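J.: Below is the file work12.cif, which contains mmCIF, C-alpha atoms.
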data_start
#
loop_
_atom_site.label_atom_id
_atom_site.label_comp_id
_atom_site.auth_asym_id
_atom_site.auth_seq_id
_atom_site.Cartn_x
_atom_site.Cartn_y
_atom_site.Cartn_z
CA MET A 547 17.29 -17.18 -20.20
CA THR A 548 16.21 -13.65 -19.45
CA ASP A 549 17.00 -12.15 -16.15
CA VAL A 550 13.78 -11.86 -14.17
CA ARG A 551 13.80 -10.34 -10.76
CA VAL A 552 10.82 -10.92 -8.53
CA ILE A 553 9.92 -8.40 -5.88
CA GLU A 554 7.52 -9.79 -3.29
CA ILE A 555 4.76 -7.37 -2.25
CA LYS A 556 2.07 -9.48 -0.49
CA LYS A 557 -0.28 -6.61 0.09
CA SER A 558 -4.04 -6.46 0.00
CA VAL A 559 -5.33 -4.04 -2.62
CA PHE A 560 -7.74 -2.71 0.01
CA ALA A 561 -5.03 -2.03 2.61
CA ASP A 562 -4.48 1.62 1.62
CA ASN A 563 -8.18 2.35 1.53
CA ASN A 564 -8.71 0.67 4.90
CA GLU A 565 -5.97 2.84 6.41
CA ASP A 566 -7.41 6.00 4.80
CA ALA A 567 -10.82 5.10 6.14
CA ALA A 568 -9.55 4.50 9.67
CA ARG A 569 -7.75 7.86 9.59
CA LEU A 570 -10.87 9.65 8.36
CA ARG A 571 -12.95 8.00 11.09
CA SER A 572 -10.61 9.17 13.83
CA GLU A 573 -10.57 12.72 12.41
CA LEU A 574 -14.37 12.72 12.43
CA LYS A 575 -14.33 11.45 16.00
CA GLY A 576 -12.11 14.39 16.95
CA ARG A 577 -14.53 16.83 15.34
CA GLY A 578 -17.58 15.19 16.86
CA THR A 579 -19.11 14.44 13.46
CA TYR A 580 -20.85 11.12 12.79
CA LEU A 581 -20.73 9.74 9.25
CA LEU A 582 -23.34 7.22 8.12
CA ASN A 583 -22.82 5.31 4.88
CA LEU A 584 -26.20 4.47 3.37
CA MET A 585 -26.29 1.88 0.62
CA SER A 586 -28.95 0.10 -1.43
CA SER A 587 -30.04 -0.98 -4.90
CA PRO A 588 -31.15 1.76 -7.29
CA GLY A 589 -34.82 2.56 -6.70
CA SER A 590 -35.10 1.21 -3.15
CA GLY A 591 -36.22 4.61 -1.84
CA LYS A 592 -33.02 5.98 -0.33
CA THR A 593 -33.80 9.61 -1.08
CA THR A 594 -37.45 9.41 0.09
CA THR A 595 -36.34 7.64 3.27
CA LEU A 596 -33.71 10.29 3.90
CA ILE A 597 -36.22 13.10 3.56
CA GLN A 598 -38.56 11.46 6.10
CA LEU A 599 -35.66 10.73 8.42
CA ILE A 600 -34.02 14.16 8.23
CA ASN A 601 -37.29 15.98 8.87
CA ARG A 602 -37.58 14.02 12.13
CA ILE A 603 -34.09 14.81 13.42
CA LYS A 604 -33.04 18.15 11.92
CA ASP A 605 -34.36 20.17 14.90
CA LYS A 606 -32.38 18.03 17.33
CA ILE A 607 -29.01 17.76 15.56
CA LYS A 608 -27.28 19.49 12.64
CA VAL A 609 -27.39 17.24 9.58
CA ALA A 610 -25.77 17.40 6.15
CA VAL A 611 -26.13 15.02 3.21
CA MET A 612 -23.70 13.96 0.49
CA GLU A 613 -25.36 12.36 -2.50
CA ALA A 614 -23.11 10.16 -4.60
CA ASP A 615 -24.23 9.27 -8.10
CA ILE A 616 -22.56 8.55 -11.37
CA ASP A 617 -24.22 11.66 -12.82
CA SER A 618 -26.91 14.36 -12.27
CA ASP A 619 -27.81 16.35 -9.15
CA VAL A 620 -31.52 15.56 -8.88
CA ASP A 621 -31.13 13.79 -5.53
CA ALA A 622 -29.16 16.60 -3.86
CA ILE A 623 -31.71 19.18 -5.01
CA LYS A 624 -34.62 17.00 -3.90
CA ILE A 625 -33.14 16.65 -0.39
CA LYS A 626 -32.41 20.35 -0.10
CA ASP A 627 -35.90 21.36 -1.27
CA ALA A 628 -37.71 18.92 1.00
CA THR A 629 -35.67 19.41 4.19
CA GLY A 630 -33.79 22.72 3.89
CA ILE A 631 -30.54 21.19 5.10
CA GLU A 632 -27.14 21.37 3.42
CA SER A 633 -26.91 18.81 0.65
CA ILE A 634 -24.12 18.34 -1.83
CA GLN A 635 -23.80 16.11 -4.87
CA LEU A 636 -20.74 13.99 -5.55
CA HIS A 637 -20.11 12.64 -9.02
CA THR A 638 -18.16 9.42 -9.10
CA GLY A 639 -17.37 9.85 -12.80
CA GLY A 640 -18.53 6.38 -13.79
CA MET A 641 -17.17 4.62 -10.70
CA CYS A 642 -19.62 2.25 -9.05
CA HIS A 643 -18.69 3.07 -5.45
CA LEU A 644 -17.05 5.60 -3.16
CA ASP A 645 -13.79 4.99 -1.37
CA ALA A 646 -12.37 6.79 1.66
CA GLU A 647 -10.44 9.31 -0.44
CA MET A 648 -13.54 10.29 -2.46
CA THR A 649 -15.52 10.57 0.76
CA ARG A 650 -12.86 12.86 2.20
CA GLN A 651 -13.00 15.07 -0.89
CA GLY A 652 -16.75 15.29 -0.47
CA LEU A 653 -16.47 16.15 3.23
CA ASP A 654 -14.06 18.98 2.35
CA ASN A 655 -17.04 20.64 0.68
CA VAL A 656 -19.39 20.29 3.62
CA SER A 657 -19.27 22.88 6.39
CA LEU A 658 -18.41 20.44 9.16
CA ASP A 659 -18.20 22.93 12.00
CA GLY A 660 -21.05 22.11 14.33
CA THR A 661 -22.36 19.41 12.01
CA ASP A 662 -23.30 16.39 14.11
CA LEU A 663 -24.25 14.01 11.35
CA VAL A 664 -23.29 13.59 7.71
CA ILE A 665 -25.22 11.00 5.75
CA LEU A 666 -23.47 9.66 2.70
CA GLU A 667 -25.89 8.29 0.13
CA ASN A 668 -23.64 5.87 -1.72
CA VAL A 669 -24.07 4.85 -5.36
CA GLY A 670 -27.09 2.57 -5.82
CA ASN A 671 -25.38 -0.80 -6.04
CA LEU A 672 -25.24 -3.85 -3.76
CA VAL A 673 -21.88 -5.19 -4.89
CA CYS A 674 -19.05 -2.69 -5.09
CA PRO A 675 -19.80 -0.24 -2.24
CA ALA A 676 -19.63 -3.17 0.20
CA GLU A 677 -15.97 -3.71 -0.65
CA PHE A 678 -14.79 -0.22 0.20
CA ASP A 679 -14.68 1.24 3.68
CA THR A 680 -15.69 4.89 3.28
CA GLY A 681 -14.57 5.96 6.75
CA ALA A 682 -18.16 5.96 8.01
CA VAL A 683 -18.94 5.11 11.63
CA ARG A 684 -21.70 2.71 10.56
CA ASN A 685 -23.02 1.17 7.38
CA ALA A 686 -26.74 1.01 6.78
CA MET A 687 -28.62 -0.35 3.82
CA ILE A 688 -32.15 -0.21 2.51
CA LEU A 689 -33.79 -3.32 1.10
CA SER A 690 -37.13 -2.64 -0.53
CA VAL A 691 -39.95 -5.17 -0.56
CA PRO A 692 -40.19 -5.57 -4.38
CA GLU A 693 -36.56 -6.72 -4.43
CA GLY A 694 -37.50 -9.87 -2.53
CA HIS A 695 -36.69 -11.33 0.88
CA ASP A 696 -33.91 -13.49 -0.55
CA LYS A 697 -31.61 -10.54 -1.36
CA PRO A 698 -29.33 -11.28 1.64
CA LEU A 699 -28.59 -14.68 0.09
CA LYS A 700 -27.64 -13.12 -3.24
CA TYR A 701 -25.48 -10.27 -1.95
CA PRO A 702 -23.87 -11.76 1.16
CA LEU A 703 -21.05 -9.24 1.51
CA MET A 704 -23.36 -6.21 1.55
CA PHE A 705 -25.46 -7.68 4.34
CA SER A 706 -22.43 -8.80 6.33
CA VAL A 707 -21.00 -5.25 6.46
CA CYS A 708 -24.24 -3.47 7.43
CA ASP A 709 -25.10 -2.61 11.02
CA LEU A 710 -28.64 -1.57 10.11
CA VAL A 711 -30.95 -3.02 7.47
CA ILE A 712 -34.00 -0.87 6.72
CA VAL A 713 -36.76 -2.81 4.98
CA ASN A 714 -38.67 -0.22 2.94
CA LYS A 715 -42.03 -0.22 1.10
CA ILE A 716 -43.70 -2.55 3.61
CA ASP A 717 -47.06 -1.13 2.47
CA VAL A 718 -46.85 -3.28 -0.68
CA MET A 719 -45.78 -6.44 1.13
CA PRO A 720 -49.03 -8.34 0.35
CA TYR A 721 -48.47 -7.92 -3.38
CA PHE A 722 -44.95 -9.29 -3.45
CA ASP A 723 -44.99 -12.46 -1.30
CA PHE A 724 -42.34 -10.83 0.82
CA ASP A 725 -41.67 -12.78 4.03
CA LEU A 726 -40.25 -10.48 6.70
CA ASP A 727 -39.36 -13.36 9.03
CA LYS A 728 -37.47 -15.15 6.27
CA CYS A 729 -35.75 -11.87 5.40
CA SER A 730 -34.62 -11.38 9.02
CA GLU A 731 -33.42 -14.97 9.17
CA TYR A 732 -31.33 -14.50 6.00
CA VAL A 733 -29.91 -11.16 7.17
CA HIS A 734 -28.88 -12.70 10.48
CA MET A 735 -27.22 -15.60 8.70
CA ARG A 736 -24.90 -13.01 7.18
CA ASN A 737 -24.64 -10.79 10.20
CA PRO A 738 -26.13 -11.91 13.53
CA LYS A 739 -25.76 -8.40 14.98
CA ALA A 740 -27.58 -6.48 12.25
CA ARG A 741 -30.57 -4.44 13.41
CA ILE A 742 -33.61 -4.68 11.12
CA ILE A 743 -36.23 -1.92 10.96
CA PRO A 744 -39.26 -2.24 8.65
CA ILE A 745 -40.57 1.09 7.32
CA CYS A 746 -42.71 2.71 4.67
CA ALA A 747 -40.93 5.88 3.55
CA LYS A 748 -44.00 7.04 1.65
CA THR A 749 -46.30 7.13 4.70
CA GLY A 750 -43.56 7.54 7.32
CA GLU A 751 -44.48 4.33 9.14
CA GLY A 752 -41.52 2.98 11.14
CA VAL A 753 -39.22 5.93 10.36
CA ASP A 754 -39.34 7.06 14.00
CA ALA A 755 -37.48 3.88 14.97
CA VAL A 756 -34.73 4.67 12.46
CA ALA A 757 -34.54 8.24 13.79
CA ASP A 758 -34.21 6.94 17.38
CA TRP A 759 -31.47 4.51 16.36
CA LEU A 760 -29.55 7.25 14.57
CA LEU A 761 -29.91 9.86 17.33
CA GLU A 762 -28.62 7.36 19.87
CA GLU A 763 -25.71 6.45 17.58
CA VAL A 764 -24.76 10.11 17.12
CA TYR A 765 -25.05 10.77 20.86
CA ASN A 766 -22.78 7.82 21.69
CA TRP A 767 -20.22 8.90 19.08
CA LYS A 768 -20.00 12.36 20.58
CA HIS A 769 -19.82 11.26 24.23
CA MET B 442 -18.11 -3.94 -12.21
CA HIS B 443 -15.66 -2.47 -9.70
CA GLU B 444 -12.66 -4.05 -11.42
CA LEU B 445 -11.53 -0.74 -12.94
CA GLY B 446 -11.42 0.87 -9.50
CA ILE B 447 -9.40 -2.10 -8.24
CA VAL B 448 -7.02 -1.72 -11.19
CA PHE B 449 -6.31 1.89 -10.20
CA TYR B 450 -5.43 0.70 -6.70
CA ILE B 451 -3.11 -1.98 -8.10
CA ILE B 452 -1.38 0.53 -10.38
CA ARG B 453 -0.81 2.90 -7.49
CA ASP B 454 0.69 0.19 -5.27
CA VAL B 455 2.81 -1.33 -8.05
CA LYS B 456 4.23 2.06 -9.06
CA GLN B 457 5.06 2.77 -5.44
CA ALA B 458 6.78 -0.61 -4.99
CA ALA B 459 8.71 -0.13 -8.24
CA GLN B 460 9.91 3.31 -7.20
CA GLU B 461 10.97 2.06 -3.77
CA ASN B 462 13.03 -0.62 -5.48
CA GLY B 463 14.50 1.69 -8.12
CA VAL B 464 12.76 -0.16 -10.95
CA GLU B 465 11.97 1.64 -14.22
CA HIS B 466 9.74 -0.91 -15.90
CA VAL B 467 7.58 -3.73 -14.55
CA ASN B 468 7.12 -6.81 -16.77
CA ALA B 469 4.45 -8.62 -14.82
CA VAL B 470 2.27 -8.25 -11.75
CA VAL B 471 1.14 -11.41 -9.95
CA MET B 472 -2.16 -11.21 -8.08
CA ASN B 473 -3.79 -13.57 -5.59
CA ILE B 474 -7.52 -13.41 -6.22
CA GLY B 475 -9.88 -15.34 -3.95
CA GLU B 476 -12.64 -17.36 -5.55
CA VAL B 477 -15.33 -15.45 -3.62
CA SER B 478 -13.64 -12.04 -3.70
CA THR B 479 -16.33 -10.71 -6.14
CA ILE B 480 -13.58 -9.98 -8.68
CA VAL B 481 -14.15 -11.32 -12.18
CA PRO B 482 -10.62 -12.22 -13.36
CA GLU B 483 -11.42 -11.63 -17.07
CA TYR B 484 -12.74 -8.13 -16.34
CA LEU B 485 -9.74 -7.41 -14.18
CA THR B 486 -7.31 -8.33 -16.98
CA ASP B 487 -9.33 -6.29 -19.53
CA CYS B 488 -9.35 -3.22 -17.29
CA TRP B 489 -5.69 -3.79 -16.52
CA ARG B 490 -4.70 -3.79 -20.22
CA TRP B 491 -6.56 -0.54 -20.81
CA ALA B 492 -5.22 1.30 -17.78
CA ALA B 493 -1.70 -0.15 -17.48
CA ASP B 494 -0.77 0.77 -21.05
CA LYS B 495 -1.40 4.41 -20.21
CA GLU B 496 1.47 4.28 -17.69
CA GLU B 497 5.02 4.45 -19.05
CA MET B 498 6.29 2.11 -16.34
CA LEU B 499 3.60 -0.51 -17.01
CA LYS B 500 3.38 -0.53 -20.84
CA GLY B 501 2.88 -4.14 -21.94
CA CYS B 502 3.07 -5.33 -18.34
CA GLU B 503 1.22 -8.62 -17.91
CA LEU B 504 -1.26 -9.24 -15.11
CA LYS B 505 -1.01 -12.84 -13.87
CA ILE B 506 -3.78 -14.14 -11.64
CA ASN B 507 -3.60 -16.97 -9.10
CA ILE B 508 -7.04 -18.06 -8.03
CA ILE B 509 -7.25 -18.91 -4.34
CA PRO B 510 -9.96 -21.55 -3.67
CA ALA B 511 -12.51 -20.54 -1.04
CA VAL B 512 -12.67 -22.62 2.13
CA THR B 513 -15.20 -22.22 4.93
CA THR B 514 -14.81 -23.59 8.43
CA CYS B 515 -17.66 -24.68 10.70
CA GLY B 516 -17.81 -23.35 14.24
CA ASP B 517 -19.94 -26.27 15.43
CA CYS B 518 -18.33 -29.43 14.03
CA GLY B 519 -14.94 -27.85 13.34
CA ARG B 520 -14.67 -29.24 9.82
CA GLU B 521 -13.78 -27.36 6.64
CA TYR B 522 -15.57 -27.45 3.30
CA GLU B 523 -15.64 -25.86 -0.18
CA THR B 524 -17.43 -22.53 0.07
CA VAL B 525 -18.56 -22.30 -3.54
CA LYS B 526 -20.20 -25.73 -3.49
CA TYR B 527 -22.00 -25.50 -0.13
CA GLY B 528 -22.28 -21.79 0.69
CA LYS B 529 -22.98 -20.69 4.24
CA THR B 530 -24.43 -23.98 5.54
CA CYS B 531 -22.04 -26.70 6.69
CA PRO B 532 -22.58 -29.88 4.60
CA HIS B 533 -21.38 -32.05 7.50
CA CYS B 534 -23.65 -30.88 10.33
CA ASN B 535 -26.06 -28.37 8.70
CA SER B 536 -24.91 -25.54 10.95
CA ALA B 537 -24.99 -21.92 9.76
CA ASN B 538 -22.36 -20.95 12.32
CA THR B 539 -19.62 -20.92 9.70
CA TRP B 540 -17.05 -18.47 8.50
CA LEU B 541 -14.80 -17.99 5.53
CA LEU B 542 -11.24 -19.19 6.11
CA LYS B 543 -9.80 -18.04 2.80
CA GLY B 544 -10.98 -17.09 -0.65
CA ASN B 545 -11.71 -13.37 -0.44
CA GLU B 546 -8.15 -12.22 -1.16
CA VAL B 547 -7.47 -9.32 -3.52
CA GLU B 548 -3.76 -9.16 -3.05
CA ILE B 549 -0.69 -8.15 -5.02
CA LYS B 550 1.64 -11.13 -4.53
CA GLU B 551 4.71 -9.93 -6.37
CA ILE B 552 6.02 -8.04 -9.37
CA GLU B 553 8.46 -9.25 -12.01
CA VAL B 554 10.96 -6.69 -13.26
#
Go through the file and emit its structure as structure tokens.
T.:
Amino acid sequence: MTDVRVIEIKKSVFADNNEDAARLRSELKGRGTYLLNLMSSPGSGKTTTLIQLINRIKDKIKVAVMEADIDSDVDAIKIKDATGIESIQLHTGGMCHLDAEMTRQGLDNVSLDGTDLVILENVGNLVCPAEFDTGAVRNAMILSVPEGHDKPLKYPLMFSVCDLVIVNKIDVMPYFDFDLDKCSEYVHMRNPKARIIPICAKTGEGVDAVADWLLEEVYNWKH
Amino acid sequence: MHELGIVFYIIRDVKQAAQENGVEHVNAVVMNIGEVSTIVPEYLTDCWRWAADKEEMLKGCELKINIIPAVTTCGDCGREYETVKYGKTCPHCNSANTWLLKGNEVEIKEIEV
């Protein structure tokens, strides 16, 4: 019989990341910077929504954006060109999500002094980003109409971790049999406290409500 | 899909535990993986083989997986049921006021050295 020694560990794999994230959050609180983690499927309109949103709040508060993608910098350039604010691109090098450490590395490259709000555009994916606390104050996600109102049933974890669900592309609702009431019902099954705001990023409809929500959030974080 | 990222976390924690215990080589790592943890055990072991063999301390180290069945409890009737079979809605009283009791673990249980 070989001599096997067993060392008990009993530790969640996410424990370290959760601690990192909590530390990052309290550092951001000290600096008066609010971090929003924005998640969604690829193609839901995250970048277009951000441009509409930023143009409504950039005169009131100082905003910066971190774009996380597996590759390319098209999104960061698009944001910068359309809004004029600081926008940096993070490459996850094939990873399907950001964790707190990667977020911290990204924040090291943003001039945080005087920055009230940093929006992190997470990798387009409804599975993995939900598992990893990035250190953000709140999680928001965008669900676009063509994806269907039953998405909250298929990706329960994502919807249970989000404080805000933005329903985008409502202009095409009649073509997709998308039921907003059903969608709200399913979201609230996962997370009774989630706020739901329907918008059309293309026309700007509803974006004011998102801007109001975010401005209030940032104000409360700083006071 | 995120199994490789998880593997890097496991490697970091296992190496740390091994160092704290003065261990030079780990023969096996035992994981508790919940049924609804979103981890695909086969992917996890594939990623593990690829990444662990790159570490001197973990060459040939086996990843053993215990699956933890998912159980949901109902806030209205107080009963428990199998999460995978019935989902969010209680099969006893139809309530949606339910929450997961166990089954989302991604936990390193122990290492064998």
J.: Please check which residues have atoms at most 9 Å from (-29.1, -5.2, 15.5) in the file's coordinates, counting all atoms listed in the file, and write them as a ChimeraX atom specification.
T.: /A:709-711,737-742
J.: As a VMD selection string, please: the residues near Glu613 of chain A (cut-off 7 Å, only C-alpha atoms, same-chain neighbours under 6 positions excluded).
T.: chain A and resid 621 to 622 634 to 636 666 to 668
J.: Determine, counting all atoms listed in the file, which protein, DNA and RNA residues have an atom within 12 Å of an atom of segment 455-463 of chain B; residues of the same chain fewer than 2 positions away are not included. Present the result as a CSV table (one decimal) with C-alpha atoms, in the frame of the given file.
T.:
chain,number,residue,atom,x,y,z
A,551,ARG,CA,13.8,-10.3,-10.8
A,552,VAL,CA,10.8,-10.9,-8.5
A,553,ILE,CA,9.9,-8.4,-5.9
A,554,GLU,CA,7.5,-9.8,-3.3
A,555,ILE,CA,4.8,-7.4,-2.2
A,556,LYS,CA,2.1,-9.5,-0.5
A,557,LYS,CA,-0.3,-6.6,0.1
A,558,SER,CA,-4.0,-6.5,0.0
A,559,VAL,CA,-5.3,-4.0,-2.6
A,562,ASP,CA,-4.5,1.6,1.6
B,448,VAL,CA,-7.0,-1.7,-11.2
B,449,PHE,CA,-6.3,1.9,-10.2
B,450,TYR,CA,-5.4,0.7,-6.7
B,451,ILE,CA,-3.1,-2.0,-8.1
B,452,ILE,CA,-1.4,0.5,-10.4
B,453,ARG,CA,-0.8,2.9,-7.5
B,465,GLU,CA,12.0,1.6,-14.2
B,466,HIS,CA,9.7,-0.9,-15.9
B,467,VAL,CA,7.6,-3.7,-14.6
B,468,ASN,CA,7.1,-6.8,-16.8
B,469,ALA,CA,4.4,-8.6,-14.8
B,470,VAL,CA,2.3,-8.2,-11.8
B,471,VAL,CA,1.1,-11.4,-10.0
B,472,MET,CA,-2.2,-11.2,-8.1
B,493,ALA,CA,-1.7,-0.2,-17.5
B,496,GLU,CA,1.5,4.3,-17.7
B,497,GLU,CA,5.0,4.4,-19.0
B,498,MET,CA,6.3,2.1,-16.3
B,499,LEU,CA,3.6,-0.5,-17.0
B,502,CYS,CA,3.1,-5.3,-18.3
B,504,LEU,CA,-1.3,-9.2,-15.1
B,548,GLU,CA,-3.8,-9.2,-3.0
B,549,ILE,CA,-0.7,-8.2,-5.0
B,550,LYS,CA,1.6,-11.1,-4.5
B,551,GLU,CA,4.7,-9.9,-6.4
B,552,ILE,CA,6.0,-8.0,-9.4
B,553,GLU,CA,8.5,-9.2,-12.0
B,554,VAL,CA,11.0,-6.7,-13.3
J.: When the PyMOL selection byres ((chain A) within 12 of (chain B)) is applied to the file above, which residues end up in the set, as an mmCIF file with C-alpha atoms, keeping the file's coordinate frame?
T.:
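Written file, selection.cif:
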data_model
loop_
_atom_site.group_PDB
_atom_site.id
_atom_site.type_symbol
_atom_site.label_atom_id
_atom_site.label_comp_id
_atom_site.auth_asym_id
_atom_site.auth_seq_id
_atom_site.Cartn_x
_atom_site.Cartn_y
_atom_site.Cartn_z
ATOM 1 C CA THR A 548 16.210 -13.650 -19.450
ATOM 2 C CA ASP A 549 17.000 -12.150 -16.150
ATOM 3 C CA VAL A 550 13.780 -11.860 -14.170
ATOM 4 C CA ARG A 551 13.800 -10.340 -10.760
ATOM 5 C CA VAL A 552 10.820 -10.920 -8.530
ATOM 6 C CA ILE A 553 9.920 -8.400 -5.880
ATOM 7 C CA GLU A 554 7.520 -9.790 -3.290
ATOM 8 C CA ILE A 555 4.760 -7.370 -2.250
ATOM 9 C CA LYS A 556 2.070 -9.480 -0.490
ATOM 10 C CA LYS A 557 -0.280 -6.610 0.090
ATOM 11 C CA SER A 558 -4.040 -6.460 0.000
ATOM 12 C CA VAL A 559 -5.330 -4.040 -2.620
ATOM 13 C CA PHE A 560 -7.740 -2.710 0.010
ATOM 14 C CA ALA A 561 -5.030 -2.030 2.610
ATOM 15 C CA ASP A 562 -4.480 1.620 1.620
ATOM 16 C CA ASN A 563 -8.180 2.350 1.530
ATOM 17 C CA THR A 638 -18.160 9.420 -9.100
ATOM 18 C CA GLY A 639 -17.370 9.850 -12.800
ATOM 19 C CA GLY A 640 -18.530 6.380 -13.790
ATOM 20 C CA MET A 641 -17.170 4.620 -10.700
ATOM 21 C CA CYS A 642 -19.620 2.250 -9.050
ATOM 22 C CA HIS A 643 -18.690 3.070 -5.450
ATOM 23 C CA LEU A 644 -17.050 5.600 -3.160
ATOM 24 C CA ASP A 645 -13.790 4.990 -1.370
ATOM 25 C CA GLU A 647 -10.440 9.310 -0.440
ATOM 26 C CA MET A 648 -13.540 10.290 -2.460
ATOM 27 C CA VAL A 669 -24.070 4.850 -5.360
ATOM 28 C CA ASN A 671 -25.380 -0.800 -6.040
ATOM 29 C CA LEU A 672 -25.240 -3.850 -3.760
ATOM 30 C CA VAL A 673 -21.880 -5.190 -4.890
ATOM 31 C CA CYS A 674 -19.050 -2.690 -5.090
ATOM 32 C CA PRO A 675 -19.800 -0.240 -2.240
ATOM 33 C CA ALA A 676 -19.630 -3.170 0.200
ATOM 34 C CA GLU A 677 -15.970 -3.710 -0.650
ATOM 35 C CA PHE A 678 -14.790 -0.220 0.200
ATOM 36 C CA PRO A 698 -29.330 -11.280 1.640
ATOM 37 C CA LEU A 699 -28.590 -14.680 0.090
ATOM 38 C CA LYS A 700 -27.640 -13.120 -3.240
ATOM 39 C CA TYR A 701 -25.480 -10.270 -1.950
ATOM 40 C CA PRO A 702 -23.870 -11.760 1.160
ATOM 41 C CA LEU A 703 -21.050 -9.240 1.510
ATOM 42 C CA MET A 704 -23.360 -6.210 1.550
ATOM 43 C CA SER A 706 -22.430 -8.800 6.330
ATOM 44 C CA GLU A 731 -33.420 -14.970 9.170
ATOM 45 C CA TYR A 732 -31.330 -14.500 6.000
ATOM 46 C CA HIS A 734 -28.880 -12.700 10.480
ATOM 47 C CA MET A 735 -27.220 -15.600 8.700
ATOM 48 C CA ARG A 736 -24.900 -13.010 7.180
ATOM 49 C CA ASN A 737 -24.640 -10.790 10.200
ATOM 50 C CA PRO A 738 -26.130 -11.910 13.530
#
J.: Report as a PDB file with C-alpha atoms, in the frame of the given file the full result of the PyMOL selection byres ((chain A and resi 623-632) around 7) when it is applied to this structure.
T.:
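The resulting file, out.pdb, is shown below:
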ATOM      1  CA  ILE A 597     -36.220  13.100   3.560  1.00  0.00           C
ATOM      2  CA  ILE A 600     -34.020  14.160   8.230  1.00  0.00           C
ATOM      3  CA  ASN A 601     -37.290  15.980   8.870  1.00  0.00           C
ATOM      4  CA  VAL A 609     -27.390  17.240   9.580  1.00  0.00           C
ATOM      5  CA  ALA A 610     -25.770  17.400   6.150  1.00  0.00           C
ATOM      6  CA  VAL A 611     -26.130  15.020   3.210  1.00  0.00           C
ATOM      7  CA  ASP A 619     -27.810  16.350  -9.150  1.00  0.00           C
ATOM      8  CA  VAL A 620     -31.520  15.560  -8.880  1.00  0.00           C
ATOM      9  CA  ASP A 621     -31.130  13.790  -5.530  1.00  0.00           C
ATOM     10  CA  ALA A 622     -29.160  16.600  -3.860  1.00  0.00           C
ATOM     11  CA  SER A 633     -26.910  18.810   0.650  1.00  0.00           C
ATOM     12  CA  ILE A 634     -24.120  18.340  -1.830  1.00  0.00           C
TER      13      ILE A 634
END
J.: Using atom CA of Asp566 of chain A and atom CA of Leu542 of chain B as the two end points, give the distance in Å to one decimal.
T.: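 Atom-to-atom, atom CA of Asp566 of chain A to atom CA of Leu542 of chain B, that is 25.5 Å.
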